[in-house]
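Undergrad: Sharing coords_28.txt (compact mmCIF, C-alpha atoms and all ligand atoms) below.
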```
# COMPACT_ATOMS: atom_id res chain seq x y z
CA MET A 10 -6.72 -11.80 -9.10
CA ILE A 11 -5.63 -12.59 -12.63
CA LEU A 12 -2.95 -15.16 -13.47
CA ASN A 13 -0.27 -14.52 -16.08
CA ASN A 14 -2.30 -16.52 -18.65
CA GLY A 15 -5.33 -14.23 -18.16
CA ASN A 16 -7.35 -16.68 -16.03
CA TYR A 17 -9.19 -15.52 -12.94
CA ILE A 18 -8.24 -16.96 -9.53
CA PRO A 19 -10.35 -16.19 -6.44
CA SER A 20 -8.21 -14.17 -4.04
CA ILE A 21 -8.90 -16.31 -0.96
CA GLY A 22 -8.61 -20.08 -1.09
CA PHE A 23 -9.61 -22.76 1.39
CA GLY A 24 -6.78 -24.99 2.64
CA THR A 25 -7.53 -28.67 3.23
CA SER A 26 -4.27 -30.28 4.30
CA LEU A 27 -5.40 -31.69 7.64
CA ILE A 28 -8.88 -33.00 7.01
CA GLN A 29 -9.96 -36.39 5.74
CA GLY A 30 -12.95 -38.72 5.67
CA GLU A 31 -16.49 -37.69 6.57
CA GLU A 32 -15.20 -34.61 8.38
CA CYS A 33 -13.65 -33.44 5.14
CA VAL A 34 -16.87 -33.88 3.14
CA LYS A 35 -18.74 -31.86 5.76
CA ASN A 36 -16.01 -29.22 5.96
CA ILE A 37 -15.86 -28.61 2.22
CA LYS A 38 -19.64 -28.47 1.87
CA GLN A 39 -19.71 -25.84 4.64
CA ALA A 40 -16.91 -23.87 3.01
CA LEU A 41 -18.81 -23.84 -0.29
CA LYS A 42 -21.98 -22.85 1.53
CA VAL A 43 -20.34 -19.86 3.21
CA GLY A 44 -18.96 -18.73 -0.14
CA TYR A 45 -15.47 -20.12 -0.67
CA ARG A 46 -14.92 -20.76 -4.37
CA HIS A 47 -11.28 -21.81 -4.31
CA ILE A 48 -10.30 -25.17 -2.80
CA ASP A 49 -6.69 -26.26 -2.40
CA THR A 50 -5.86 -29.95 -2.10
CA ALA A 51 -2.99 -32.31 -3.00
CA SER A 52 -2.63 -36.02 -3.67
CA VAL A 53 -0.62 -36.39 -0.44
CA TYR A 54 -3.49 -34.97 1.66
CA GLU A 55 -5.44 -38.14 0.82
CA ASN A 56 -8.74 -36.27 0.71
CA GLU A 57 -9.32 -35.76 -3.01
CA LYS A 58 -12.13 -38.33 -3.10
CA GLU A 59 -13.93 -36.61 -0.24
CA ILE A 60 -13.50 -33.20 -1.85
CA GLY A 61 -14.89 -34.58 -5.10
CA GLN A 62 -17.86 -35.98 -3.23
CA ALA A 63 -18.47 -32.67 -1.42
CA ILE A 64 -18.40 -30.76 -4.71
CA LYS A 65 -20.82 -33.24 -6.29
CA GLU A 66 -23.19 -33.01 -3.32
CA SER A 67 -23.07 -29.20 -3.11
CA ASP A 68 -25.35 -26.87 -5.07
CA VAL A 69 -22.41 -24.97 -6.54
CA PRO A 70 -21.73 -25.64 -10.22
CA ARG A 71 -18.27 -27.06 -10.86
CA GLU A 72 -17.33 -24.16 -13.21
CA GLU A 73 -17.75 -21.73 -10.32
CA ILE A 74 -15.14 -23.49 -8.19
CA PHE A 75 -11.39 -23.05 -8.63
CA ILE A 76 -9.78 -26.39 -7.75
CA THR A 77 -6.08 -26.95 -7.19
CA SER A 78 -4.20 -30.18 -6.63
CA LYS A 79 -0.51 -31.12 -6.55
CA VAL A 80 1.79 -33.94 -7.59
CA TRP A 81 3.68 -35.37 -4.61
CA LYS A 82 7.44 -36.00 -4.37
CA ASP A 83 7.19 -39.75 -4.97
CA SER A 84 5.36 -39.27 -8.28
CA MET A 85 7.73 -36.78 -9.88
CA GLY A 86 9.10 -37.48 -13.38
CA TYR A 87 7.33 -37.20 -16.73
CA GLU A 88 5.28 -40.39 -16.93
CA SER A 89 4.53 -40.73 -13.24
CA THR A 90 3.36 -37.11 -13.01
CA LEU A 91 0.89 -37.73 -15.84
CA LYS A 92 -0.29 -40.87 -14.08
CA SER A 93 -0.65 -39.02 -10.78
CA PHE A 94 -2.61 -36.21 -12.46
CA TYR A 95 -5.14 -38.63 -13.95
CA LYS A 96 -5.50 -40.37 -10.59
CA THR A 97 -6.21 -36.95 -9.03
CA LEU A 98 -8.86 -36.22 -11.66
CA GLU A 99 -10.45 -39.62 -11.05
CA ASN A 100 -10.42 -39.10 -7.27
CA LEU A 101 -11.99 -35.67 -7.60
CA GLN A 102 -14.46 -36.99 -10.24
CA LEU A 103 -13.55 -34.07 -12.49
CA ASP A 104 -12.58 -33.75 -16.13
CA TYR A 105 -10.25 -30.78 -15.65
CA LEU A 106 -8.41 -28.96 -12.86
CA ASP A 107 -8.09 -25.20 -12.50
CA LEU A 108 -4.52 -25.42 -11.22
CA PHE A 109 -1.99 -28.23 -10.89
CA LEU A 110 1.26 -27.74 -8.96
CA ILE A 111 4.55 -29.54 -8.33
CA HIS A 112 4.23 -29.90 -4.56
CA TRP A 113 7.96 -29.70 -3.63
CA PRO A 114 11.11 -29.08 -5.62
CA ARG A 115 13.58 -31.95 -5.71
CA ASN A 116 16.98 -30.78 -4.54
CA ASN A 117 20.04 -32.38 -6.14
CA ASP A 118 18.08 -33.65 -9.15
CA ARG A 119 17.64 -30.81 -11.58
CA GLN A 120 16.39 -33.06 -14.38
CA LEU A 121 13.56 -34.49 -12.27
CA ASN A 122 12.13 -30.99 -11.74
CA ILE A 123 12.39 -30.31 -15.47
CA ASP A 124 10.76 -33.61 -16.49
CA THR A 125 7.94 -33.03 -14.02
CA TRP A 126 7.38 -29.50 -15.30
CA LYS A 127 7.28 -30.78 -18.88
CA ALA A 128 4.46 -33.14 -17.91
CA LEU A 129 2.55 -30.17 -16.49
CA GLU A 130 3.15 -28.25 -19.72
CA LYS A 131 1.72 -31.16 -21.70
CA LEU A 132 -1.41 -31.27 -19.52
CA TYR A 133 -1.80 -27.51 -19.87
CA LYS A 134 -1.45 -27.61 -23.66
CA GLU A 135 -4.02 -30.41 -23.80
CA LYS A 136 -6.37 -28.24 -21.69
CA LYS A 137 -6.64 -30.85 -18.95
CA VAL A 138 -5.65 -28.11 -16.54
CA LYS A 139 -6.30 -24.39 -16.86
CA ALA A 140 -3.15 -23.23 -15.09
CA ILE A 141 0.10 -24.80 -13.85
CA GLY A 142 2.56 -23.85 -11.18
CA VAL A 143 4.84 -24.91 -8.38
CA SER A 144 4.85 -25.00 -4.61
CA ASN A 145 7.67 -24.48 -2.12
CA PHE A 146 10.02 -23.40 -4.91
CA LEU A 147 12.59 -20.83 -3.79
CA LYS A 148 14.19 -18.49 -6.32
CA HIS A 149 16.98 -20.93 -7.17
CA HIS A 150 14.44 -23.71 -7.80
CA LEU A 151 12.38 -21.43 -10.03
CA ASP A 152 15.52 -20.53 -11.98
CA ILE A 153 15.71 -24.16 -13.19
CA ILE A 154 12.16 -24.03 -14.54
CA LEU A 155 12.65 -20.63 -16.17
CA GLU A 156 15.92 -21.67 -17.79
CA GLU A 157 14.69 -24.95 -19.21
CA CYS A 158 11.02 -24.66 -19.90
CA GLU A 159 8.52 -23.17 -22.31
CA ILE A 160 5.77 -21.98 -19.97
CA ILE A 161 6.40 -19.72 -16.98
CA PRO A 162 4.60 -21.01 -13.87
CA MET A 163 1.43 -19.12 -13.07
CA VAL A 164 1.60 -19.72 -9.30
CA ASN A 165 4.11 -20.47 -6.57
CA GLN A 166 2.59 -21.63 -3.29
CA LEU A 167 4.79 -20.97 -0.26
CA GLU A 168 4.60 -21.02 3.51
CA PHE A 169 3.97 -17.32 4.11
CA HIS A 170 2.90 -15.51 7.27
CA PRO A 171 4.22 -12.74 9.53
CA GLY A 172 7.85 -13.48 10.33
CA LEU A 173 8.28 -15.67 7.23
CA MET A 174 7.95 -13.59 4.10
CA ARG A 175 10.55 -15.24 1.85
CA LYS A 176 11.21 -11.82 0.39
CA GLU A 177 13.76 -12.81 -2.26
CA THR A 178 11.47 -15.46 -3.75
CA VAL A 179 8.29 -13.40 -3.47
CA ASP A 180 9.93 -10.34 -5.11
CA PHE A 181 11.25 -12.58 -7.89
CA CYS A 182 7.77 -14.06 -8.44
CA LYS A 183 6.29 -10.56 -8.69
CA GLU A 184 8.93 -9.58 -11.22
CA LYS A 185 8.06 -12.67 -13.32
CA ASN A 186 4.30 -12.25 -12.90
CA ILE A 187 3.97 -15.47 -10.89
CA ILE A 188 1.20 -15.20 -8.29
CA VAL A 189 2.22 -16.25 -4.79
CA GLU A 190 -0.18 -18.23 -2.65
CA ALA A 191 0.29 -18.52 1.12
CA TRP A 192 -0.03 -21.86 2.84
CA ALA A 193 -0.39 -21.65 6.64
CA PRO A 194 -1.20 -17.91 6.46
CA LEU A 195 -2.08 -18.14 10.16
CA GLY A 196 1.13 -20.04 10.91
CA LYS A 197 -1.00 -23.10 11.64
CA GLY A 198 -2.70 -21.01 14.31
CA LYS A 199 0.55 -19.88 15.97
CA MET A 200 0.25 -16.28 14.68
CA LEU A 201 -2.86 -15.85 16.79
CA GLU A 202 -0.85 -15.94 20.03
CA ASN A 203 1.53 -13.14 19.02
CA GLU A 204 1.17 -10.04 21.23
CA GLU A 205 2.24 -7.53 18.55
CA LEU A 206 -0.26 -8.95 16.07
CA LYS A 207 -2.96 -8.90 18.75
CA ARG A 208 -2.21 -5.24 19.45
CA ILE A 209 -2.47 -4.30 15.75
CA ALA A 210 -5.61 -6.40 15.15
CA ASN A 211 -7.32 -4.71 18.13
CA LYS A 212 -6.79 -1.29 16.53
CA TYR A 213 -8.97 -2.37 13.60
CA ASN A 214 -11.46 -4.30 15.73
CA LYS A 215 -10.48 -7.42 13.84
CA SER A 216 -9.11 -10.81 14.91
CA VAL A 217 -5.47 -11.72 14.35
CA ALA A 218 -6.66 -14.29 11.79
CA GLN A 219 -8.39 -11.54 9.82
CA LEU A 220 -5.32 -9.32 10.15
CA CYS A 221 -3.02 -12.05 8.76
CA ILE A 222 -5.37 -12.78 5.87
CA LYS A 223 -5.69 -9.11 4.97
CA TRP A 224 -1.94 -8.68 5.32
CA CYS A 225 -1.40 -11.42 2.71
CA LEU A 226 -3.85 -9.74 0.33
CA GLN A 227 -2.30 -6.29 0.78
CA ASN A 228 1.04 -7.90 -0.08
CA GLY A 229 -0.52 -9.25 -3.29
CA VAL A 230 -0.48 -12.84 -1.98
CA ILE A 231 -3.45 -15.25 -2.03
CA PRO A 232 -4.07 -16.70 1.46
CA LEU A 233 -5.23 -20.33 1.85
CA PRO A 234 -6.44 -20.45 5.47
CA LYS A 235 -7.79 -23.66 6.97
CA THR A 236 -10.45 -24.09 9.58
CA THR A 237 -12.83 -26.82 10.65
CA ASN A 238 -15.27 -24.34 12.17
CA GLU A 239 -18.10 -22.70 10.22
CA ASN A 240 -18.00 -19.41 12.17
CA ARG A 241 -14.26 -19.13 11.64
CA MET A 242 -14.78 -19.84 7.91
CA LYS A 243 -17.03 -16.78 7.81
CA GLU A 244 -14.67 -14.75 9.98
CA ASN A 245 -11.72 -15.48 7.68
CA LYS A 246 -13.66 -14.12 4.69
CA ASP A 247 -14.91 -11.04 6.49
CA ILE A 248 -11.97 -8.82 5.67
CA ASN A 249 -13.31 -6.30 3.17
CA ASP A 250 -14.30 -3.57 5.61
CA PHE A 251 -10.84 -2.51 6.74
CA GLU A 252 -7.45 -1.57 5.36
CA ILE A 253 -4.14 -2.08 7.18
CA SER A 254 -2.24 1.21 7.28
CA LYS A 255 1.13 1.61 5.55
CA GLU A 256 2.92 1.83 8.91
CA ASP A 257 1.30 -1.35 10.21
CA MET A 258 2.05 -3.19 6.95
CA LEU A 259 5.67 -2.12 7.27
CA PHE A 260 5.78 -3.17 10.91
CA ILE A 261 4.39 -6.65 10.15
CA ASN A 262 6.58 -7.00 7.05
CA ASN A 263 9.62 -6.34 9.24
CA MET A 264 8.72 -8.76 12.03
CA GLU A 265 11.48 -11.20 12.90
CA PHE A 266 10.93 -14.90 12.40
CA PHE A 267 9.11 -16.30 15.44
CA TYR A 268 7.36 -19.40 14.13
CA GLY A 269 7.50 -21.57 11.05
CA SER A 270 6.85 -25.15 10.12
CA THR A 271 9.98 -27.24 9.96
CA MET A 272 9.44 -27.96 6.28
CA ASP A 273 12.46 -26.62 4.43
CA PRO A 274 12.29 -26.35 0.61
CA ASN A 275 16.07 -26.84 0.51
CA LYS A 276 15.73 -30.28 2.07
CA SER A 277 13.83 -32.56 -0.24
P1 LIG B 1 -9.72 -24.55 13.71
O1 LIG B 1 -9.81 -25.60 12.65
O2 LIG B 1 -10.09 -25.08 15.07
O3 LIG B 1 -10.43 -23.27 13.35
P2 LIG B 1 -3.32 -22.23 8.88
O4 LIG B 1 -4.41 -21.90 7.96
O5 LIG B 1 -2.26 -21.19 9.02
O6 LIG B 1 -2.72 -23.59 8.66
O7 LIG B 1 -3.97 -22.31 10.37
C1 LIG B 1 -4.93 -23.26 10.67
C2 LIG B 1 -5.17 -23.27 12.16
O8 LIG B 1 -5.73 -22.01 12.56
C3 LIG B 1 -6.15 -24.32 12.57
O9 LIG B 1 -5.66 -24.85 13.79
C4 LIG B 1 -7.45 -23.56 12.81
O10 LIG B 1 -8.15 -24.19 13.87
C5 LIG B 1 -6.98 -22.20 13.23
N1 LIG B 1 -7.86 -21.13 12.76
C6 LIG B 1 -8.28 -20.87 11.51
N2 LIG B 1 -9.03 -19.77 11.44
C7 LIG B 1 -9.09 -19.30 12.71
C8 LIG B 1 -9.73 -18.18 13.31
N3 LIG B 1 -10.42 -17.32 12.58
N4 LIG B 1 -9.60 -18.02 14.65
C9 LIG B 1 -8.90 -18.90 15.40
N5 LIG B 1 -8.26 -19.96 14.89
C10 LIG B 1 -8.36 -20.17 13.56
```
Show this structure as structure tokens.

TA:
Amino acid sequence: MILNNGNYIPSIGFGTSLIQGEECVKNIKQALKVGYRHIDTASVYENEKEIGQAIKESDVPREEIFITSKVWKDSMGYESTLKSFYKTLENLQLDYLDLFLIHWPRNNDRQLNIDTWKALEKLYKEKKVKAIGVSNFLKHHLDIILEECEIIPMVNQLEFHPGLMRKETVDFCKEKNIIVEAWAPLGKGKMLENEELKRIANKYNKSVAQLCIKWCLQNGVIPLPKTTNENRMKENKDINDFEISKEDMLFINNMEFFYGSTMDPNKS
């Protein structure tokens, strides 16, 4: 896919929120080996050093990997965001990032969101980061950025899976040319137990994980699935040989909420 600044972003990313230590180094090396070229981390995941090590130890040139990180809630504000960004770069042993995001909006402190965004704009203008964006911003949070700032975010990363489409925000992002990324596209594994999704996946001879990943893509959303298993890494990328029909897309798009994390963007 292409971001609103013309940069390329690989249409499937690899989520890393639950892995740390040696397991993380191994996991990321495997992901690179099976062909993932888009790695999503965050300072709060406390695995940036390991991801940096894995990238260094892999055979894949840095320029071929799209690397995202995020500034956490406790580092928001102009100066502390800059400081957090440079710590992230140091941890990852990199001299630029492909994408840097505000991890969560701050409710009840409009100015803090603005100051944080202005730090991201500075880093972008100085070419320390190739694209900037937000995460967990609903439409009303995005309004603050659009009203006050110079650069429109290139990405908004949201929890997104069947039953949790955040239609108002996603439609707004599409209108503004902001690419939506899906965290927990498999609902942290919970989607895989759903009988309706199993029934639809069976029709295509695909797993529910593959169905959910393809469903994100057909909705124009970049999925960031996580797995610690090499076979499942391959499985989650093996989605190019089928197309979900219009009726099935509509059916999944209209599914009622049945699982979601308890993380609410309106409470932070
Ligand atoms: P595992 O690491 O054992 O593969 P999400 O990306 O929505 O957060 O979901 C991650 C969860 O889904 C993890 O528990 C992961 O477990 C599981 N998972 C990822 N890919 C698959 C797959 N293809 N089949 C079954 N479970 C999967």

Undergrad: Give as a ChimeraX atom specification the residues surrounding ligand LIG 1 (chain B) up to a distance of 9 Å, considering all atoms listed in the file.

TA: /A:23-27,168-170,191-201,216-219,232-245

Undergrad: Find the residues near Lys42 (chain A): any atom within 9 Å, counting all atoms listed in the file, skip ones fewer than 2 places away on the same chain, and give them as a PyMOL selection string.

TA: chain A and resi 37-40+44-45+67-69

Undergrad: Find the spatial neighbours of Ile60 (chain A), counting all atoms listed in the file, within a cut-off of 12 Å - ignore same-chain residues fewer than 2 positions away - and output them as number ranges by chain.

TA: A: 23-26, 28-41, 47-52, 54-58, 62-67, 71, 74, 76-78, 97-103

Undergrad: Would you kindly return, as a compact mmCIF listing (two decimals) with C-alpha atoms, in the frame of the given file, each protein, DNA or RNA residue with an atom no farther than 9 Å from any atom of Glu130 (chain A), considering all atoms listed in the file and excluding same-chain residues fewer than 6 positions away?

TA:
```
# COMPACT_ATOMS: atom_id res chain seq x y z
CA ILE A 141 0.10 -24.80 -13.85
CA CYS A 158 11.02 -24.66 -19.90
CA GLU A 159 8.52 -23.17 -22.31
CA ILE A 160 5.77 -21.98 -19.97
```

Undergrad: May I ask for the distance between CA of Ser93 (chain A) and CA of Asn116 (chain A), given in Å to one decimal place?

TA: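 Rounded to one decimal, the two atoms are 20.4 Å apart.
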
Undergrad: What is the CA of Asn228 (chain A) to CA of Thr125 (chain A) distance in Å?

TA: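 Straight-line distance from CA of Asn228 (chain A) to CA of Thr125 (chain A) works out to 29.6 Å.
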
Undergrad: Please measure the separation of CA of Arg119 (chain A) and CA of Ser277 (chain A), giving the value in Å to one decimal.

TA: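 Taking CA of Arg119 (chain A) as the start and CA of Ser277 (chain A) as the end point, the length is 12.1 Å.
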
Undergrad: Compile the contact shell of Gly86 (chain A) as number ranges by chain: residues with an atom at most 8 Å away, counting all atoms listed in the file, same-chain residues fewer than 6 positions apart removed.

TA: A: 121-122, 124-125, 128

Undergrad: For region 258-263 of chain A, find every residue with an atom within 9 Å (counting all atoms listed in the file), except residues of its own chain fewer than 3 positions away, and show them as a ChimeraX atom specification.

TA: /A:171-174,205-206,224,227-228,253-255

Undergrad: With 8 Å on each side, where is the centre of the axis-aligned box around all listed atoms of region 222-235 of chain A, and how long are its edges in Å to one decimal, as lines of an AutoDock Vina configuration file?

TA:
```
center_x = -3.4
center_y = -15.0
center_z = 1.8
size_x = 24.8
size_y = 33.4
size_z = 26.3
```
